[in-house]
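Have a look at structure_10.txt; it's compact mmCIF, C-alpha atoms:
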```txt
# COMPACT_ATOMS: atom_id res chain seq x y z
CA MET A 338 -28.13 184.41 248.96
CA SER A 339 -27.83 181.05 250.77
CA ASN A 340 -24.49 179.82 251.98
CA PRO A 341 -23.65 176.36 250.49
CA ASP A 342 -21.44 175.59 253.49
CA ALA A 343 -24.04 176.60 256.09
CA VAL A 344 -23.61 175.00 259.51
CA ARG A 345 -26.34 174.99 262.13
CA PHE A 346 -25.64 173.79 265.69
CA GLY A 347 -22.51 172.00 264.47
CA PHE A 348 -24.29 170.17 261.62
CA SER A 349 -23.45 170.89 258.01
CA LEU A 350 -26.64 171.42 256.03
CA THR A 351 -24.93 170.37 252.80
CA ALA A 352 -24.68 166.82 254.18
CA ILE A 353 -28.47 166.46 253.99
CA ASN A 354 -29.24 164.64 250.75
CA TRP A 355 -31.17 161.64 249.43
CA GLU A 356 -27.98 159.70 248.69
CA SER A 357 -27.50 159.20 252.44
CA PHE A 358 -30.47 156.81 252.41
CA SER A 359 -28.85 154.54 249.81
CA ARG A 360 -27.56 151.07 250.68
CA LYS A 361 -24.05 152.00 249.52
CA ALA A 362 -23.93 155.06 251.80
CA MET A 363 -24.96 152.93 254.79
CA LEU A 364 -22.41 150.21 254.01
CA ASP A 365 -19.64 152.81 253.95
CA GLN A 366 -20.15 153.22 257.69
CA THR A 367 -18.97 150.86 260.44
CA GLU A 368 -20.85 147.61 261.08
CA VAL A 369 -22.38 149.00 264.24
CA CYS A 370 -23.68 152.08 262.44
CA VAL A 371 -25.10 149.92 259.65
CA ALA A 372 -27.10 147.88 262.15
CA LEU A 373 -28.36 150.86 264.13
CA PRO A 374 -30.50 152.58 261.43
CA VAL A 375 -32.21 149.25 260.73
CA LEU A 376 -32.91 148.64 264.42
CA TYR A 377 -34.05 152.24 264.88
CA THR A 378 -36.51 151.86 262.00
CA ILE A 379 -37.95 148.56 263.25
CA THR A 380 -38.28 149.94 266.79
CA GLN A 381 -40.08 153.04 265.55
CA ILE A 382 -42.48 150.98 263.40
CA PHE A 383 -43.50 148.74 266.29
CA GLY A 384 -43.58 151.76 268.60
CA MET A 385 -46.07 153.53 266.37
CA ALA A 386 -48.13 150.34 266.06
CA ALA A 387 -48.15 149.97 269.87
CA GLN A 388 -49.24 153.59 270.28
CA GLY A 389 -52.10 153.08 267.84
CA ALA A 390 -53.27 149.89 269.55
CA ALA A 391 -53.08 151.52 272.99
CA ALA A 392 -54.99 154.59 271.77
CA TYR A 393 -57.71 152.38 270.24
CA CYS A 394 -58.14 150.42 273.48
CA MET A 395 -58.14 153.57 275.60
CA PHE A 396 -60.89 155.26 273.59
CA LYS A 397 -62.96 152.07 273.51
CA TYR A 398 -62.92 151.87 277.32
CA LYS A 399 -63.61 155.59 277.52
CA ASN A 400 -66.68 155.12 275.30
CA LEU A 401 -67.77 152.13 277.39
CA ARG A 402 -67.64 154.27 280.53
CA HIS A 403 -69.62 157.05 278.83
CA HIS A 404 -72.30 154.76 277.36
CA ILE A 405 -72.95 152.93 280.63
CA LEU A 406 -73.13 156.22 282.51
CA ILE A 407 -75.66 157.67 280.06
CA PHE A 408 -77.75 154.48 279.77
CA SER A 409 -78.03 154.14 283.56
CA ASN A 410 -79.06 157.78 283.91
CA HIS A 411 -75.76 158.67 285.61
CA THR A 412 -76.12 156.07 288.36
CA ALA A 413 -73.68 153.37 287.21
CA HIS A 414 -69.99 154.22 287.21
CA VAL A 415 -67.33 152.11 285.49
CA HIS A 416 -63.99 151.91 287.29
CA ASP A 417 -61.28 151.16 284.73
CA ASN A 418 -58.68 153.80 285.50
CA ASP A 419 -55.97 151.15 285.65
CA ILE A 420 -56.19 150.19 281.99
CA PHE A 421 -56.80 153.81 281.02
CA SER A 422 -53.56 154.86 282.72
CA SER A 423 -51.64 151.93 281.23
CA ALA A 424 -52.81 152.89 277.75
CA VAL A 425 -51.72 156.51 278.26
CA LEU A 426 -48.25 155.33 279.32
CA SER A 427 -48.10 153.00 276.32
CA MET A 428 -48.87 155.94 274.07
CA THR A 429 -46.43 158.33 275.73
CA PHE A 430 -43.12 156.50 276.09
CA PRO A 431 -43.07 154.75 272.69
CA ALA A 432 -43.68 158.22 271.23
CA VAL A 433 -40.75 159.66 273.22
CA LEU A 434 -38.58 156.73 272.12
CA SER A 435 -39.57 157.15 268.47
CA ILE A 436 -38.80 160.88 268.51
CA TYR A 437 -35.38 160.32 270.03
CA LEU A 438 -34.51 157.44 267.69
CA THR A 439 -35.55 159.57 264.72
CA PHE A 440 -33.05 162.19 265.87
CA GLU A 441 -30.30 159.58 266.24
CA TYR A 442 -31.28 158.01 262.90
CA PHE A 443 -30.69 161.24 260.98
CA ILE A 444 -27.43 161.91 262.83
CA LEU A 445 -26.14 158.50 261.69
CA LEU A 446 -27.28 158.96 258.09
CA PHE A 447 -26.28 162.54 257.44
CA TRP A 448 -23.32 163.09 259.78
CA PRO A 449 -21.74 159.66 260.46
CA GLU A 450 -18.22 161.11 260.75
CA ASN A 451 -19.08 163.87 263.21
CA VAL A 452 -17.30 163.73 266.57
CA TYR A 453 -19.24 165.16 269.50
CA PRO A 454 -18.08 166.41 272.92
CA LYS A 455 -18.12 163.99 275.84
CA ARG A 456 -20.81 166.00 277.65
CA TRP A 457 -23.17 165.81 274.67
CA ASN A 458 -22.57 162.06 274.30
CA GLN A 459 -23.32 161.61 278.01
CA VAL A 460 -26.64 163.43 277.54
CA ARG A 461 -27.52 161.17 274.60
CA LYS A 462 -26.56 158.12 276.64
CA TRP A 463 -28.71 159.10 279.62
CA ILE A 464 -31.70 159.95 277.43
CA MET A 465 -31.55 156.47 275.92
CA LEU A 466 -31.08 154.76 279.29
CA LEU A 467 -33.94 156.65 280.95
CA THR A 468 -36.25 156.11 277.98
CA THR A 469 -35.46 152.39 277.98
CA ALA A 470 -36.14 152.20 281.73
CA ALA A 471 -39.46 154.02 281.24
CA MET A 472 -40.38 151.63 278.42
CA GLY A 473 -39.57 148.65 280.64
CA ALA A 474 -41.69 150.00 283.50
CA THR A 475 -44.54 150.77 281.10
CA ILE A 476 -44.69 147.33 279.51
CA ILE A 477 -44.40 145.51 282.84
CA LEU A 478 -47.17 147.62 284.40
CA SER A 479 -49.40 147.29 281.32
CA THR A 480 -48.88 143.53 281.19
CA ILE A 481 -49.85 143.15 284.85
CA VAL A 482 -52.97 145.30 284.37
CA VAL A 483 -54.18 143.52 281.25
CA THR A 484 -53.48 139.98 282.45
CA SER A 485 -54.61 140.21 286.07
CA HIS A 486 -56.89 143.22 286.58
CA THR A 487 -60.60 143.60 285.95
CA GLY A 488 -62.81 146.67 285.78
CA PHE A 489 -65.99 146.91 287.84
CA ILE A 490 -69.22 148.89 288.09
CA THR A 491 -70.54 150.71 291.16
CA GLY A 492 -73.73 152.65 291.83
CA VAL A 493 -76.11 149.84 290.89
CA ASP A 494 -76.80 146.33 292.15
CA SER A 495 -74.99 143.32 290.73
CA GLU A 496 -77.92 142.25 288.55
CA SER A 497 -78.17 145.68 286.95
CA ALA A 498 -74.41 145.74 286.46
CA LYS A 499 -74.58 142.40 284.67
CA GLN A 500 -77.36 143.68 282.41
CA LEU A 501 -75.23 146.69 281.52
CA THR A 502 -72.18 144.57 280.72
CA ASP A 503 -74.34 142.20 278.67
CA LEU A 504 -75.65 145.16 276.72
CA TYR A 505 -72.23 146.75 276.30
CA PHE A 506 -70.08 143.64 276.13
CA ARG A 507 -67.26 145.09 274.07
CA PRO A 508 -64.74 145.98 275.35
CA PRO A 509 -65.11 143.57 278.30
CA LEU A 510 -64.26 144.57 281.84
CA ASN A 511 -62.17 141.41 282.06
CA TYR A 512 -59.24 142.95 280.17
CA SER A 513 -57.41 139.73 279.32
CA THR A 514 -60.34 138.36 277.28
CA TRP A 515 -60.23 141.13 274.66
CA PRO A 516 -57.86 140.35 271.72
CA GLN A 517 -57.22 144.05 271.08
CA ASN A 518 -55.67 144.39 274.55
CA ILE A 519 -53.44 141.39 273.87
CA ALA A 520 -52.39 142.91 270.54
CA TRP A 521 -51.50 146.20 272.26
CA ILE A 522 -49.37 144.42 274.87
CA THR A 523 -47.69 142.20 272.26
CA LEU A 524 -46.75 145.16 270.03
CA THR A 525 -45.37 147.06 273.01
CA TRP A 526 -43.27 144.06 274.05
CA ILE A 527 -41.85 143.73 270.52
CA CYS A 528 -41.01 147.43 270.52
CA PHE A 529 -39.29 147.06 273.90
CA VAL A 530 -37.25 144.06 272.71
CA PHE A 531 -35.90 146.04 269.76
CA ASN A 532 -35.35 148.98 272.11
CA LEU A 533 -33.12 146.72 274.22
CA ALA A 534 -31.29 145.62 271.07
CA CYS A 535 -30.59 149.25 270.17
CA LEU A 536 -29.25 150.15 273.62
CA PRO A 537 -25.88 148.30 273.71
CA LEU A 538 -25.10 149.17 270.07
CA MET A 539 -25.79 152.84 270.75
CA LEU A 540 -23.59 152.78 273.85
CA ILE A 541 -20.78 151.16 271.83
CA THR A 542 -21.13 153.83 269.15
CA LEU A 543 -21.12 156.67 271.69
CA ASN A 544 -18.05 155.24 273.43
CA SER A 545 -16.33 154.98 270.04
CA GLU A 546 -17.19 158.62 269.34
CA HIS A 547 -15.76 159.57 272.75
CA ARG A 548 -12.45 157.82 271.93
CA GLN A 549 -12.33 159.65 268.61
CA ASP A 550 -12.96 162.93 270.42
CA ILE A 551 -10.00 162.21 272.73
CA LYS A 552 -7.76 161.46 269.74
CA VAL A 553 -8.84 164.63 267.97
CA THR A 554 -8.22 166.66 271.13
CA LYS A 555 -4.75 165.16 271.67
CA LYS A 556 -3.87 165.73 268.02
CA GLY A 557 -4.90 169.35 268.34
CA ILE A 558 -2.67 169.76 271.41
CA GLU A 559 0.33 168.05 269.76
CA ASN A 560 -0.10 169.97 266.50
CA PRO A 561 -1.50 173.37 267.43
CA SER A 562 -2.44 175.65 264.55
CA VAL A 563 -0.05 178.48 263.93
```
In structure tokens, what does this structure look like?
Amino acid sequence: MSNPDAVRFGFSLTAINWESFSRKAMLDQTEVCVALPVLYTITQIFGMAAQGAAAYCMFKYKNLRHHILIFSNHTAHVHDNDIFSSAVLSMTFPAVLSIYLTFEYFILLFWPENVYPKRWNQVRKWIMLLTTAAMGATIILSTIVVTSHTGFITGVDSESAKQLTDLYFRPPLNYSTWPQNIAWITLTWICFVFNLACLPLMLITLNSEHRQDIKVTKKGIENPSV
């Protein structure tokens, strides 16, 4: 028989219900907490869109490399590792960010009144800071690659290389001329902007939780249970 008051890892399972997603339930929280679920959702949406765009571009350049290699009888080799690596990063860190924000999103909706230990709040804070830093490094690197780098072909003469790129002209080796690359970078930038908007609000919320934890601790010391 299930326990209606079951608690797992400090979270009450009875708090999980559809009413938590209602507008009224969100407005019952503080202003900061009301803003955070909205920002988390927008960030995750653009993060998933950026991942999809990066994955599309990555596989298109992978197919380009494969087709040119096969058509040239394994003599021509496309060098586009820079955009390939940038796309992988743009798929990885938005995914990490989305997973973490999903976790924080459900904590805010289902357990808004929970007070967590200082050590746990510090872990949450550092995860967000490191993820934001990784997102910043990813978008800056990807922007530099797409706007200023160009792939090239080795193993054949320049005339043969031009014939191959004329035959397989999409995606182009001049990365900045392909709209799909621009869309990928734009979506990642939008995701990063909302990521930056989430950061200070989350830090304010975690500091508020820490002050509540101190008050609860002091109250427990002043009024110990008999």
As JSON, please: the centre and edge lengths in Å, to one decimal, of an axis-aligned box enclosing every listed atom of segment 471-474 of chain A with 6 Å added on each side.
```
{"center_x": -40.6, "center_y": 151.3, "center_z": 281.0, "size_x": 14.2, "size_y": 17.4, "size_z": 17.1}
```
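Proximity ranking of A:Lys399, A:Arg461, A:Arg456, A:His486 relative to Asp419 of chain A places A:His486 first, based on all atoms listed in the file.
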Considering only C-alpha atoms, give me a table of residues in segment 402-448 of chain A that are at most 9 Å from segment 518-536 of chain A, with the closest atom pair and distance in Å for each, as CSV.
```
residue,atom,partner,partner_atom,distance
A:Ala424,CA,A:Trp521,CA,8.8
A:Ser427,CA,A:Thr525,CA,7.3
A:Pro431,CA,A:Cys528,CA,7.9
A:Leu434,CA,A:Asn532,CA,8.4
```
For this session: In Å, rounded to a single decimal, give me how far atom CA of Thr468 of chain A is from atom CA of Lys455 of chain A.
Result: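 These two atoms are separated by 19.9 Å.
Taking atom CA of Ser479 of chain A as the reference point, atom CA of Ala390 of chain A is found at 12.7 Å.
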